[in-house]
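**Q** Contents of my_file_0.cif (mmCIF, C-alpha atoms and all ligand atoms):
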```
data_final
loop_
_atom_site.label_atom_id
_atom_site.label_comp_id
_atom_site.auth_asym_id
_atom_site.auth_seq_id
_atom_site.Cartn_x
_atom_site.Cartn_y
_atom_site.Cartn_z
CA MET K 1 152.37 139.95 45.33
CA ALA K 2 152.41 143.34 46.99
CA VAL K 3 155.83 142.75 48.50
CA GLN K 4 158.77 141.19 46.74
CA VAL K 5 162.13 140.08 47.98
CA THR K 6 164.49 142.56 46.36
CA GLU K 7 168.08 142.12 45.29
CA SER K 8 169.04 144.14 48.35
CA THR K 9 167.57 141.45 50.62
CA PRO K 10 170.48 139.03 50.29
CA SER K 11 170.32 135.48 51.55
CA VAL K 12 167.90 135.79 54.46
CA ALA K 13 169.34 134.37 57.69
CA LEU K 14 166.72 131.89 58.83
CA GLY K 15 168.92 129.21 60.35
CA PRO K 16 168.84 125.85 58.57
CA ALA K 17 166.16 127.01 56.09
CA VAL K 18 167.67 127.22 52.61
CA ALA K 19 164.74 127.63 50.23
CA LEU K 20 161.03 127.30 49.69
CA SER K 21 159.96 124.28 47.70
CA CYS K 22 156.67 123.47 45.99
CA ARG K 23 154.80 120.58 47.57
CA GLU K 24 153.34 119.67 44.16
CA CYS K 25 156.16 120.01 41.62
CA GLY K 26 159.25 120.42 43.80
CA GLN K 27 160.32 123.69 42.17
CA ARG K 28 162.55 125.73 44.50
CA PHE K 29 162.38 129.44 45.28
CA ASP K 30 164.48 131.85 47.35
CA LEU K 31 163.28 132.39 50.91
CA GLY K 32 160.78 135.23 50.80
CA PRO K 33 157.20 136.20 51.61
CA ILE K 34 155.66 134.00 48.93
CA PHE K 35 153.33 131.08 49.44
CA ALA K 36 152.32 129.71 46.03
CA CYS K 37 154.45 128.12 43.33
CA GLN K 38 154.98 130.36 40.35
CA GLU K 39 154.95 127.27 38.09
CA CYS K 40 151.91 125.33 39.28
CA PHE K 41 150.31 127.42 42.10
CA GLY K 42 150.99 124.57 44.56
CA PRO K 43 151.66 125.50 48.21
CA LEU K 44 155.26 126.20 49.19
CA GLU K 45 157.03 124.79 52.21
CA VAL K 46 160.37 125.44 53.87
CA ALA K 47 163.28 123.25 52.73
CA TYR K 48 166.24 122.75 55.05
CA GLU K 49 169.79 121.67 55.32
CA LEU K 50 169.42 119.98 58.68
CA PRO K 51 172.34 119.03 60.92
CA THR K 52 173.61 115.56 59.98
CA GLY K 53 175.58 113.02 61.98
CA ASP K 54 175.88 112.77 65.77
CA PRO K 55 172.25 112.50 66.92
CA GLU K 56 173.39 112.25 70.54
CA GLY K 57 175.19 115.60 70.26
CA LEU K 58 172.07 117.20 68.79
CA LYS K 59 169.90 115.72 71.55
CA LYS K 60 172.21 117.15 74.20
CA ARG K 61 172.17 120.55 72.50
CA ILE K 62 168.36 120.53 72.41
CA GLU K 63 168.06 119.38 76.02
CA ALA K 64 170.38 122.18 77.14
CA GLY K 65 168.24 124.78 75.33
CA PRO K 66 165.51 127.03 76.71
CA ASP K 67 162.20 125.61 78.00
CA ASN K 68 160.31 126.76 74.93
CA ILE K 69 160.24 126.07 71.18
CA TRP K 70 163.61 127.73 70.65
CA ARG K 71 165.31 124.60 72.03
CA TYR K 72 164.56 123.27 68.53
CA ALA K 73 165.99 126.31 66.73
CA PRO K 74 168.48 124.10 64.81
CA LEU K 75 165.44 122.52 63.09
CA LEU K 76 163.38 125.68 62.48
CA PRO K 77 163.42 128.57 59.97
CA VAL K 78 164.64 131.08 62.54
CA PRO K 79 167.94 132.91 63.14
CA ALA K 80 170.44 131.13 65.39
CA ASP K 81 170.12 133.86 68.07
CA VAL K 82 166.32 133.69 68.07
CA ALA K 83 166.10 133.09 71.82
CA ASP K 84 167.58 136.56 72.44
CA LYS K 85 164.94 138.38 70.38
CA PRO K 86 161.65 139.69 71.83
CA ASN K 87 159.03 137.01 71.20
CA LEU K 88 156.37 135.29 73.31
CA ASN K 89 158.56 132.16 73.56
CA PRO K 90 155.75 129.58 73.51
CA GLY K 91 156.00 125.83 73.76
CA PHE K 92 157.37 123.07 75.92
CA THR K 93 153.85 122.64 77.24
CA LYS K 94 152.87 119.72 79.45
CA LEU K 95 152.51 116.20 78.16
CA VAL K 96 150.06 114.88 80.75
CA LYS K 97 149.95 111.15 81.43
CA ALA K 98 146.18 110.78 81.44
CA ASP K 99 145.63 107.57 83.41
CA ARG K 100 142.09 108.39 84.54
CA LEU K 101 141.01 109.32 81.04
CA ALA K 102 142.70 106.14 79.81
CA ALA K 103 140.63 104.10 82.25
CA GLU K 104 137.44 105.86 81.07
CA LEU K 105 138.25 105.19 77.43
CA GLY K 106 139.71 101.72 77.91
CA VAL K 107 143.20 102.66 76.74
CA THR K 108 145.81 100.29 78.15
CA GLY K 109 148.88 101.21 76.12
CA GLY K 110 149.43 104.63 77.73
CA LEU K 111 147.36 107.75 77.02
CA TYR K 112 148.79 111.27 77.03
CA VAL K 113 147.24 114.68 76.56
CA LYS K 114 149.54 117.27 75.00
CA ASP K 115 148.08 120.34 76.66
CA ASP K 116 148.71 123.46 74.59
CA SER K 117 146.32 125.56 76.65
CA GLY K 118 149.50 126.40 78.61
CA ASN K 119 150.87 128.62 75.84
CA PRO K 120 151.09 132.43 76.33
CA THR K 121 147.70 133.20 74.73
CA HIS K 122 146.27 129.79 75.63
CA SER K 123 146.29 127.99 72.32
CA PHE K 124 148.68 126.16 70.02
CA LYS K 125 148.63 129.19 67.69
CA ASP K 126 151.44 130.84 69.68
CA ARG K 127 153.81 128.28 68.16
CA VAL K 128 153.07 129.11 64.55
CA VAL K 129 152.94 132.85 65.18
CA ALA K 130 156.34 132.84 66.91
CA ILE K 131 157.95 131.48 63.73
CA ALA K 132 156.00 133.84 61.46
CA VAL K 133 157.19 136.78 63.60
CA GLU K 134 160.82 135.88 62.91
CA ALA K 135 160.10 135.59 59.18
CA ALA K 136 158.29 138.96 59.26
CA ARG K 137 161.34 140.49 60.94
CA ALA K 138 163.67 138.99 58.35
CA PHE K 139 161.56 140.29 55.45
CA GLY K 140 161.17 143.77 56.90
CA PHE K 141 157.43 143.80 57.53
CA THR K 142 156.18 146.27 60.12
CA THR K 143 152.55 145.15 60.45
CA LEU K 144 151.34 141.65 61.29
CA SER K 145 147.98 140.44 60.10
CA CYS K 146 145.95 137.26 59.71
CA SER K 147 142.60 135.75 58.93
CA SER K 148 141.56 133.92 62.06
CA THR K 149 138.99 131.55 63.51
CA GLY K 150 139.73 133.25 66.84
CA ASN K 151 142.82 131.92 68.53
CA LEU K 152 145.17 133.14 65.85
CA ALA K 153 143.94 136.73 66.19
CA GLY K 154 144.84 136.73 69.89
CA ALA K 155 148.20 135.11 69.27
CA VAL K 156 149.09 137.65 66.58
CA GLY K 157 147.87 140.59 68.68
CA ALA K 158 150.02 139.57 71.64
CA ALA K 159 153.11 138.60 69.65
CA ALA K 160 152.98 141.84 67.67
CA ARG K 161 153.12 143.87 70.89
CA ARG K 162 155.97 141.86 72.36
CA ALA K 163 158.00 141.84 69.16
CA GLY K 164 157.38 145.48 68.25
CA PHE K 165 155.02 145.24 65.27
CA GLU K 166 151.77 146.97 64.44
CA SER K 167 148.88 144.58 63.98
CA CYS K 168 145.54 144.41 62.22
CA VAL K 169 143.71 141.09 62.39
CA PHE K 170 140.49 139.82 60.83
CA ILE K 171 137.89 137.49 62.36
CA PRO K 172 134.34 136.35 61.61
CA HIS K 173 132.02 138.81 63.40
CA ASP K 174 130.24 136.14 65.48
CA LEU K 175 133.07 134.56 67.52
CA GLU K 176 132.97 133.66 71.21
CA ALA K 177 133.41 136.62 73.59
CA GLY K 178 136.59 135.09 75.06
CA LYS K 179 138.26 135.01 71.66
CA VAL K 180 137.16 138.52 70.73
CA VAL K 181 138.43 140.01 74.00
CA MET K 182 141.73 138.15 73.68
CA ALA K 183 142.15 139.48 70.17
CA ALA K 184 141.31 143.06 71.12
CA VAL K 185 143.01 143.56 74.46
CA TYR K 186 146.58 143.87 73.18
CA GLY K 187 145.68 147.08 71.41
CA GLY K 188 146.19 146.35 67.72
CA ASP K 189 143.34 146.71 65.26
CA LEU K 190 140.72 143.97 65.22
CA VAL K 191 138.21 143.81 62.39
CA GLY K 192 135.07 141.67 62.46
CA ILE K 193 134.02 140.57 59.00
CA GLU K 194 130.38 139.89 58.21
CA GLY K 195 130.83 136.33 57.03
CA ASN K 196 132.42 133.02 58.04
CA TYR K 197 136.12 132.19 58.17
CA ASP K 198 136.26 131.28 54.51
CA ASP K 199 134.90 134.76 53.67
CA VAL K 200 137.52 136.31 55.97
CA ASN K 201 140.28 134.35 54.29
CA ARG K 202 139.12 135.29 50.81
CA PHE K 203 139.02 138.93 51.90
CA CYS K 204 142.61 138.73 53.20
CA SER K 205 143.82 137.18 49.94
CA GLU K 206 142.35 140.17 48.08
CA LEU K 207 143.95 142.56 50.55
CA ILE K 208 147.38 141.04 49.96
CA GLY K 209 147.11 141.72 46.25
CA ASP K 210 146.03 145.31 46.86
CA PRO K 211 148.12 148.39 47.73
CA LEU K 212 146.00 148.63 50.93
CA GLY K 213 147.84 145.60 52.30
CA GLU K 214 151.32 146.59 51.21
CA GLY K 215 154.01 145.94 53.80
CA TRP K 216 151.77 143.61 55.79
CA GLY K 217 152.86 140.16 56.83
CA PHE K 218 149.80 137.90 56.95
CA VAL K 219 151.08 135.13 59.17
CA ASN K 220 148.84 132.45 57.65
CA VAL K 221 148.84 133.68 54.06
CA ASN K 222 152.02 135.26 52.66
CA LEU K 223 154.06 133.99 55.64
CA ARG K 224 152.25 130.63 55.66
CA PRO K 225 155.26 128.45 54.73
CA TYR K 226 157.11 129.71 57.84
CA TYR K 227 154.02 129.80 60.09
CA GLY K 228 153.29 126.15 59.34
CA GLU K 229 156.72 125.05 60.54
CA GLY K 230 155.81 126.11 64.09
CA SER K 231 153.58 123.04 64.36
CA LYS K 232 156.60 120.76 63.94
CA THR K 233 157.54 121.70 67.49
CA LEU K 234 154.54 119.70 68.76
CA ALA K 235 156.06 116.60 67.19
CA TYR K 236 159.49 117.37 68.64
CA GLU K 237 158.15 118.02 72.13
CA ILE K 238 155.92 114.95 72.23
CA CYS K 239 158.81 112.68 71.25
CA GLU K 240 161.31 114.34 73.59
CA GLN K 241 158.81 114.21 76.47
CA LEU K 242 158.24 110.50 75.79
CA GLY K 243 161.98 110.00 76.20
CA TRP K 244 162.93 110.48 72.52
CA ARG K 245 160.36 107.94 71.40
CA LEU K 246 157.63 108.08 68.76
CA PRO K 247 154.07 107.62 70.00
CA ASP K 248 152.16 104.87 68.18
CA GLN K 249 149.08 107.02 67.54
CA ILE K 250 148.35 110.77 67.60
CA VAL K 251 144.92 112.40 67.43
CA ILE K 252 145.10 115.90 65.95
CA PRO K 253 142.34 118.47 65.30
CA ILE K 254 141.88 119.76 61.76
CA ALA K 255 140.95 123.30 60.77
CA SER K 256 143.01 124.11 57.66
CA GLY K 257 145.00 120.90 58.23
CA SER K 258 148.31 122.73 58.52
CA GLN K 259 149.03 121.54 62.05
CA LEU K 260 148.45 117.89 61.19
CA THR K 261 150.64 117.93 58.09
CA LYS K 262 153.49 119.67 59.92
CA ILE K 263 153.37 117.32 62.89
CA ASP K 264 153.90 114.53 60.37
CA LYS K 265 156.78 116.48 58.83
CA GLY K 266 158.34 116.94 62.28
CA LEU K 267 158.10 113.23 63.09
CA LYS K 268 159.72 112.32 59.77
CA GLU K 269 162.56 114.75 60.46
CA LEU K 270 163.23 113.22 63.88
CA ILE K 271 163.47 109.80 62.24
CA ALA K 272 165.74 111.09 59.47
CA LEU K 273 168.00 112.79 62.02
CA GLY K 274 168.25 109.61 64.09
CA LEU K 275 166.74 111.28 67.15
CA VAL K 276 164.05 108.60 67.42
CA GLU K 277 163.87 105.00 66.32
CA ASP K 278 162.33 104.51 62.88
CA ARG K 279 159.06 102.68 63.41
CA PRO K 280 155.49 103.17 62.21
CA TYR K 281 153.13 105.70 63.73
CA LYS K 282 149.50 106.44 62.88
CA ILE K 283 148.01 109.90 62.49
CA PHE K 284 144.32 110.47 63.16
CA GLY K 285 142.51 113.69 62.22
CA ALA K 286 139.56 115.05 64.21
CA GLN K 287 136.78 117.36 63.02
CA ALA K 288 133.39 118.58 64.21
CA GLU K 289 130.48 117.05 62.35
CA GLY K 290 129.19 120.56 61.60
CA CYS K 291 132.40 121.26 59.67
CA SER K 292 133.80 117.95 58.49
CA PRO K 293 134.92 118.32 54.88
CA VAL K 294 138.11 116.28 55.42
CA SER K 295 136.40 113.55 57.40
CA ALA K 296 133.69 113.30 54.73
CA ALA K 297 136.31 112.96 51.99
CA PHE K 298 138.22 110.35 54.00
CA LYS K 299 135.13 108.21 54.50
CA ALA K 300 134.10 108.55 50.86
CA GLY K 301 137.56 107.52 49.68
CA HIS K 302 138.03 110.83 47.84
CA ASP K 303 141.39 112.53 47.21
CA VAL K 304 139.86 116.00 47.04
CA VAL K 305 137.91 117.84 49.69
CA ARG K 306 134.51 119.28 48.89
CA PRO K 307 133.98 122.60 50.76
CA GLN K 308 131.23 122.83 53.39
CA LYS K 309 129.41 125.69 55.10
CA PRO K 310 130.40 125.37 58.78
CA ASN K 311 127.83 125.14 61.56
CA THR K 312 129.40 123.93 64.82
CA ILE K 313 130.30 125.09 68.32
CA ALA K 314 133.93 124.21 67.50
CA LYS K 315 134.50 127.60 65.90
CA SER K 316 138.28 127.41 66.06
CA LEU K 317 138.06 124.46 63.65
CA ALA K 318 135.33 125.94 61.44
CA ILE K 319 137.14 126.10 58.11
CA GLY K 320 134.84 124.83 55.39
CA ASN K 321 137.49 124.89 52.67
CA PRO K 322 140.69 123.62 54.31
CA ALA K 323 143.84 124.47 52.35
CA ASP K 324 145.76 121.39 53.48
CA GLY K 325 142.84 118.97 53.27
CA PRO K 326 144.27 116.76 50.49
CA TYR K 327 147.61 116.43 52.33
CA VAL K 328 145.78 115.41 55.50
CA LEU K 329 143.97 112.67 53.59
CA ASP K 330 147.28 111.48 52.24
CA ILE K 331 148.93 111.33 55.66
CA ALA K 332 145.99 109.61 57.38
CA ARG K 333 145.93 106.94 54.65
CA ARG K 334 149.71 106.52 54.37
CA THR K 335 150.20 106.08 58.12
CA GLY K 336 147.20 103.78 58.57
CA GLY K 337 145.25 106.38 60.55
CA ALA K 338 141.82 107.84 59.88
CA VAL K 339 139.79 111.06 59.94
CA GLU K 340 136.62 111.10 62.02
CA ASP K 341 134.12 113.64 63.34
CA VAL K 342 131.83 114.10 66.36
CA ASP K 343 128.71 116.22 66.80
CA ASP K 344 128.31 119.20 69.12
CA GLU K 345 126.79 117.15 71.93
CA GLN K 346 129.66 114.66 71.82
CA ILE K 347 132.10 117.61 71.86
CA VAL K 348 130.54 118.99 75.04
CA ASP K 349 130.49 115.55 76.67
CA ALA K 350 134.17 115.12 75.83
CA ILE K 351 135.11 118.52 77.25
CA LYS K 352 133.41 117.52 80.51
CA LEU K 353 134.99 114.07 80.48
CA LEU K 354 138.49 115.51 80.11
CA ALA K 355 137.82 118.09 82.82
CA ARG K 356 136.44 115.49 85.26
CA ALA K 357 139.06 112.87 84.53
CA GLU K 358 142.22 114.97 84.31
CA GLY K 359 141.51 118.47 85.56
CA ILE K 360 142.11 119.88 82.08
CA PHE K 361 139.55 122.38 80.80
CA ALA K 362 139.74 122.28 77.02
CA GLU K 363 138.12 124.52 74.49
CA THR K 364 135.80 122.97 71.93
CA ALA K 365 138.72 121.83 69.76
CA GLY K 366 139.93 119.69 72.67
CA GLY K 367 136.42 118.29 72.95
CA VAL K 368 136.69 117.34 69.30
CA THR K 369 139.94 115.39 69.72
CA VAL K 370 138.88 113.63 72.92
CA GLY K 371 135.43 112.89 71.45
CA VAL K 372 136.93 111.52 68.25
CA THR K 373 139.40 109.41 70.25
CA ARG K 374 136.51 107.86 72.14
CA LYS K 375 134.60 107.21 68.92
CA LEU K 376 137.60 105.68 67.16
CA ILE K 377 138.18 103.32 70.08
CA GLU K 378 134.51 102.31 70.16
CA ASP K 379 134.63 101.65 66.42
CA GLY K 380 137.78 99.55 66.75
CA VAL K 381 139.79 101.91 64.55
CA LEU K 382 142.18 103.20 67.20
CA ASP K 383 144.07 100.46 69.03
CA PRO K 384 143.73 100.96 72.82
CA SER K 385 146.76 98.79 73.51
CA LEU K 386 149.12 101.30 71.86
CA THR K 387 150.71 104.51 73.14
CA THR K 388 148.33 107.30 72.18
CA VAL K 389 148.72 111.09 72.32
CA VAL K 390 145.66 113.35 72.10
CA LEU K 391 146.12 117.05 71.47
CA ASN K 392 144.33 119.72 73.45
CA THR K 393 145.04 122.83 71.41
CA GLY K 394 143.10 125.47 73.34
CA ASP K 395 141.66 126.71 76.63
CA GLY K 396 138.09 126.20 77.84
CA LEU K 397 138.00 129.72 79.27
CA LYS K 398 137.70 131.01 75.71
CA THR K 399 134.61 128.91 74.92
CA LEU K 400 132.68 129.11 78.19
CA ASP K 401 129.29 129.12 76.49
CA ALA K 402 129.87 125.59 75.18
CA VAL K 403 129.61 124.09 78.65
CA ALA K 404 126.67 125.39 80.64
CA SER K 405 128.16 124.71 84.07
CA GLY K 406 127.54 126.46 87.36
CA PRO K 407 127.60 126.04 91.13
CA THR K 408 126.31 122.81 92.68
CA ALA K 409 124.38 124.99 95.13
CA THR K 410 124.17 128.62 96.18
CA ILE K 411 123.59 129.03 99.92
CA ARG K 412 123.67 131.49 102.83
CA PRO K 413 127.06 131.52 104.60
CA ASP K 414 126.02 129.26 107.48
CA LEU K 415 126.46 125.60 108.35
CA ASP K 416 122.73 124.83 108.56
CA ALA K 417 122.28 125.96 104.99
CA PHE K 418 125.21 123.81 103.89
CA ARG K 419 123.82 120.82 105.78
CA ALA K 420 120.43 121.39 104.16
CA ALA K 421 122.05 121.38 100.72
CA GLY K 422 123.06 117.75 101.34
CA LEU K 423 126.68 118.08 100.11
CA ALA K 424 128.60 117.30 103.31
CA GLY K 425 130.27 114.03 104.22
C1 LIG K 501 143.86 126.83 64.56
C2 LIG K 501 143.55 125.77 65.52
C3 LIG K 501 143.77 124.40 65.22
C4 LIG K 501 144.30 123.80 63.95
O1 LIG K 501 144.46 124.61 62.89
P1 LIG K 501 145.05 124.14 61.48
O2 LIG K 501 144.54 125.22 60.58
O3 LIG K 501 144.47 122.81 61.15
O4 LIG K 501 146.51 124.13 61.59
C5 LIG K 501 143.50 123.50 66.22
N1 LIG K 501 143.02 123.87 67.41
C6 LIG K 501 142.80 125.16 67.73
C7 LIG K 501 142.27 125.47 69.08
C8 LIG K 501 143.06 126.16 66.80
O5 LIG K 501 142.85 127.43 67.14
ZN ZN K 502 154.85 123.84 41.79
#
```
Would you mind writing the file's structure down as C-alpha cells?

**A**
Amino acid sequence: MAVQVTESTPSVALGPAVALSCRECGQRFDLGPIFACQECFGPLEVAYELPTGDPEGLKKRIEAGPDNIWRYAPLLPVPADVADKPNLNPGFTKLVKADRLAAELGVTGGLYVKDDSGNPTHSFKDRVVAIAVEAARAFGFTTLSCSSTGNLAGAVGAAARRAGFESCVFIPHDLEAGKVVMAAVYGGDLVGIEGNYDDVNRFCSELIGDPLGEGWGFVNVNLRPYYGEGSKTLAYEICEQLGWRLPDQIVIPIASGSQLTKIDKGLKELIALGLVEDRPYKIFGAQAEGCSPVSAAFKAGHDVVRPQKPNTIAKSLAIGNPADGPYVLDIARRTGGAVEDVDDEQIVDAIKLLARAEGIFAETAGGVTVGVTRKLIEDGVLDPSLTTVVLNTGDGLKTLDAVASGPTATIRPDLDAFRAAGLAG
C-alpha cells in the first residue's frame, strides 16, 4: 500500500462504520484506505454498529432528511454532518410504476423501473462516488482516481470538482463519445488506456503500489469498501418508495457485481433494523451475452467465474473478470433468483421498448436489465404475478450509437409537404 493509516489518524469519523471486515475470514481491520485482507487477501467490507430499537423513530428521521442519499446517513460510512459538505448529493431518483411496460411483458404483480439516469452525471455511479469522496476526505487524499468502464470516470470527474479534489481517471480508449466527453468536461485529467477495462484495472492496481500513485484515492480500488456501500442506497430507496416494503424480485445489471451484492446487503439491513417486514425476495443478475462470465458460471452451476474477453455494445458492463462474481452467484442462488444474459440485438430492442412504453431512454445497461427481464419471464424463471423492480442505471444520451434512430420525415416547412408525408390525422 502506498498510503497507510498512521497513528496520527485516530478513529476516523465515518458515522456508524466501526471497522473493515474480511468477507472471507471475518478478520477485522481499522477503517482506512485498504481493500484486501492482510490474512487471506479476501475483499474487505464496511462493518457497522447500526442504530437499534425504535424502527418507527428511524423511519421518521429518514423521511425528514434531504431528498438525496444523505437521508440514509445513519446507515452509511459517512460523517453525521455529511449533508453540509460539498458533494453532488445524488440519489432519491424516481421509482416509476411502469404499467405500460408491465402490459408489454405480461407482468401483473406490479412492475417498477428504478431510474438512476436522474442522478447528477446520469448514472448510478454518483451514489458510490459520493460515499468514496467522504472516505477520501477522511483519509486525507487530495486526488481522486478510478478505473472506469465510462460512467464512473464522469462521476469521479464531477464529484472531484464539487468536493475540491484533483482528479485523474482511466478509461479504455474506445468508449462511447458521450462517456468520454462526460469524463473530460469537468477539467480533471482523463487517460485513455490502450486495452479493455480489465487492462485498465490491472494498470490502476500497479499504480497504487507505485510511488507515482501516492496520495491518490482510487474510488473503486483502495476506497472500494466505502464506494460499494453507496449501492445500498438503491435498496433503501426502493423499499421506502414502495412504502417501506420489500419488492419480491429485483433485476440488477452486473459489471463487477458490486452493486448487486450491496443491494442485497442493504435489503438485509432494512430487515434487521425492522424497517421492512422480513419476507423472501429474489435477486436476478443481468449481463450482456458478449460479456457474461457470471451468467455462464450460474448456468454451469460453478462457484467460480471464468474470465472472458468482452465484446458487447453494453460497454458500461464490460468487465470480463468481475471482482464480486462469486458473491453474485451466491446471492442469486440463496435468494432463488438467477443470472441471465441477452445479446446486443435484444439489448437494443429492450432500450426501444422501454423508451416507447415508459418514456425512459436508457443506456445499454438498461437495455440489458429490461431485455433480461423479458427473457426470464418468457422462460418462466421470473414470476410475473409478483412485485418486480428493474434497474435502469444509466442514460441513453451517453450511448446514442446503440440505437440508430432519427426523424420520421424531414420536410419543407409547409403544410402540403406535411400532408404529403402522410403523418397527419
Ligand atoms: C458500473 C455500472 C453498473 C454496475 O457496476 P458494478 O461494477 O456491477 O457495481 C451498472 N450500470 C451502469 C450503467 C454502470 O455504469
Ligand atoms: Zn480474510

**Q** Residues within 6 Å of ligand ZN 502 (chain K), counting only C-alpha atoms and all ligand atoms: report them as a list of chain:residue names.

**A** K:Cys22, K:Glu24, K:Cys25, K:Gly26, K:Gln27, K:Cys37, K:Glu39, K:Cys40, K:Phe41, K:Gly42

**Q** For a test of reading the model, state the distance in Å between atom CA of K:Thr233 and atom CA of K:Tyr72, rounded to one decimal.

**A**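 Result for atom CA of K:Thr233 versus atom CA of K:Tyr72: 7.3 Å, one decimal.
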
**Q** Counting only C-alpha atoms and all ligand atoms, which residues of chain K fall within 7 Å of ligand LIG 501 (chain K), and what is the closest atom pair for each with its distance in Å at one decimal, ordered by chain and rising number, as JSON lines?

**A**
```
{"residue": "K:Ser123", "atom": "CA", "partner": "K:LIG501", "partner_atom": "C7", "distance": 5.7}
{"residue": "K:Phe124", "atom": "CA", "partner": "K:LIG501", "partner_atom": "C6", "distance": 6.4}
{"residue": "K:Lys125", "atom": "CA", "partner": "K:LIG501", "partner_atom": "O5", "distance": 6.1}
{"residue": "K:Thr149", "atom": "CA", "partner": "K:LIG501", "partner_atom": "O5", "distance": 6.7}
{"residue": "K:Gly150", "atom": "CA", "partner": "K:LIG501", "partner_atom": "O5", "distance": 6.6}
{"residue": "K:Asn151", "atom": "CA", "partner": "K:LIG501", "partner_atom": "O5", "distance": 4.7}
{"residue": "K:Leu152", "atom": "CA", "partner": "K:LIG501", "partner_atom": "O5", "distance": 6.3}
{"residue": "K:Pro253", "atom": "CA", "partner": "K:LIG501", "partner_atom": "C5", "distance": 5.2}
{"residue": "K:Ile254", "atom": "CA", "partner": "K:LIG501", "partner_atom": "O3", "distance": 4.0}
{"residue": "K:Ala255", "atom": "CA", "partner": "K:LIG501", "partner_atom": "O3", "distance": 3.6}
{"residue": "K:Ser256", "atom": "CA", "partner": "K:LIG501", "partner_atom": "O2", "distance": 3.5}
{"residue": "K:Gly257", "atom": "CA", "partner": "K:LIG501", "partner_atom": "O3", "distance": 3.5}
{"residue": "K:Ser258", "atom": "CA", "partner": "K:LIG501", "partner_atom": "O4", "distance": 3.8}
{"residue": "K:Gln259", "atom": "CA", "partner": "K:LIG501", "partner_atom": "O4", "distance": 3.6}
{"residue": "K:Leu260", "atom": "CA", "partner": "K:LIG501", "partner_atom": "O3", "distance": 6.3}
{"residue": "K:Ser316", "atom": "CA", "partner": "K:LIG501", "partner_atom": "O5", "distance": 4.7}
{"residue": "K:Leu317", "atom": "CA", "partner": "K:LIG501", "partner_atom": "C3", "distance": 5.9}
{"residue": "K:Glu363", "atom": "CA", "partner": "K:LIG501", "partner_atom": "C7", "distance": 6.9}
{"residue": "K:Ala365", "atom": "CA", "partner": "K:LIG501", "partner_atom": "C7", "distance": 5.1}
{"residue": "K:Thr393", "atom": "CA", "partner": "K:LIG501", "partner_atom": "C7", "distance": 4.5}
{"residue": "K:Gly394", "atom": "CA", "partner": "K:LIG501", "partner_atom": "C7", "distance": 4.3}
```

**Q** Would you export the selected residues with C-alpha atoms as a PDB file, in the coordinates of the input, please?

**A**
```pdb
ATOM      1  CA  SER K 123     146.290 127.990  72.320  1.00  0.00           C
ATOM      2  CA  PHE K 124     148.680 126.160  70.020  1.00  0.00           C
ATOM      3  CA  LYS K 125     148.630 129.190  67.690  1.00  0.00           C
ATOM      4  CA  THR K 149     138.990 131.550  63.510  1.00  0.00           C
ATOM      5  CA  GLY K 150     139.730 133.250  66.840  1.00  0.00           C
ATOM      6  CA  ASN K 151     142.820 131.920  68.530  1.00  0.00           C
ATOM      7  CA  LEU K 152     145.170 133.140  65.850  1.00  0.00           C
ATOM      8  CA  PRO K 253     142.340 118.470  65.300  1.00  0.00           C
ATOM      9  CA  ILE K 254     141.880 119.760  61.760  1.00  0.00           C
ATOM     10  CA  ALA K 255     140.950 123.300  60.770  1.00  0.00           C
ATOM     11  CA  SER K 256     143.010 124.110  57.660  1.00  0.00           C
ATOM     12  CA  GLY K 257     145.000 120.900  58.230  1.00  0.00           C
ATOM     13  CA  SER K 258     148.310 122.730  58.520  1.00  0.00           C
ATOM     14  CA  GLN K 259     149.030 121.540  62.050  1.00  0.00           C
ATOM     15  CA  LEU K 260     148.450 117.890  61.190  1.00  0.00           C
ATOM     16  CA  SER K 316     138.280 127.410  66.060  1.00  0.00           C
ATOM     17  CA  LEU K 317     138.060 124.460  63.650  1.00  0.00           C
ATOM     18  CA  GLU K 363     138.120 124.520  74.490  1.00  0.00           C
ATOM     19  CA  ALA K 365     138.720 121.830  69.760  1.00  0.00           C
ATOM     20  CA  THR K 393     145.040 122.830  71.410  1.00  0.00           C
ATOM     21  CA  GLY K 394     143.100 125.470  73.340  1.00  0.00           C
TER      22      GLY K 394
END
```

**Q** Between K:Tyr186, K:Phe170, K:Tyr48, K:Tyr227, which has the minimum distance to K:Ile131 (counting only C-alpha atoms)?

**A**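 Distance minimum relative to K:Ile131 lands on K:Tyr227.
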
**Q** Skip stretch 110-117 of chain K itself and residues of its chain fewer than 3 positions away, then list as a ChimeraX atom specification all residues within 7 Å of it, counting only C-alpha atoms.

**A** /K:93-99,102,107,122-124,386-395
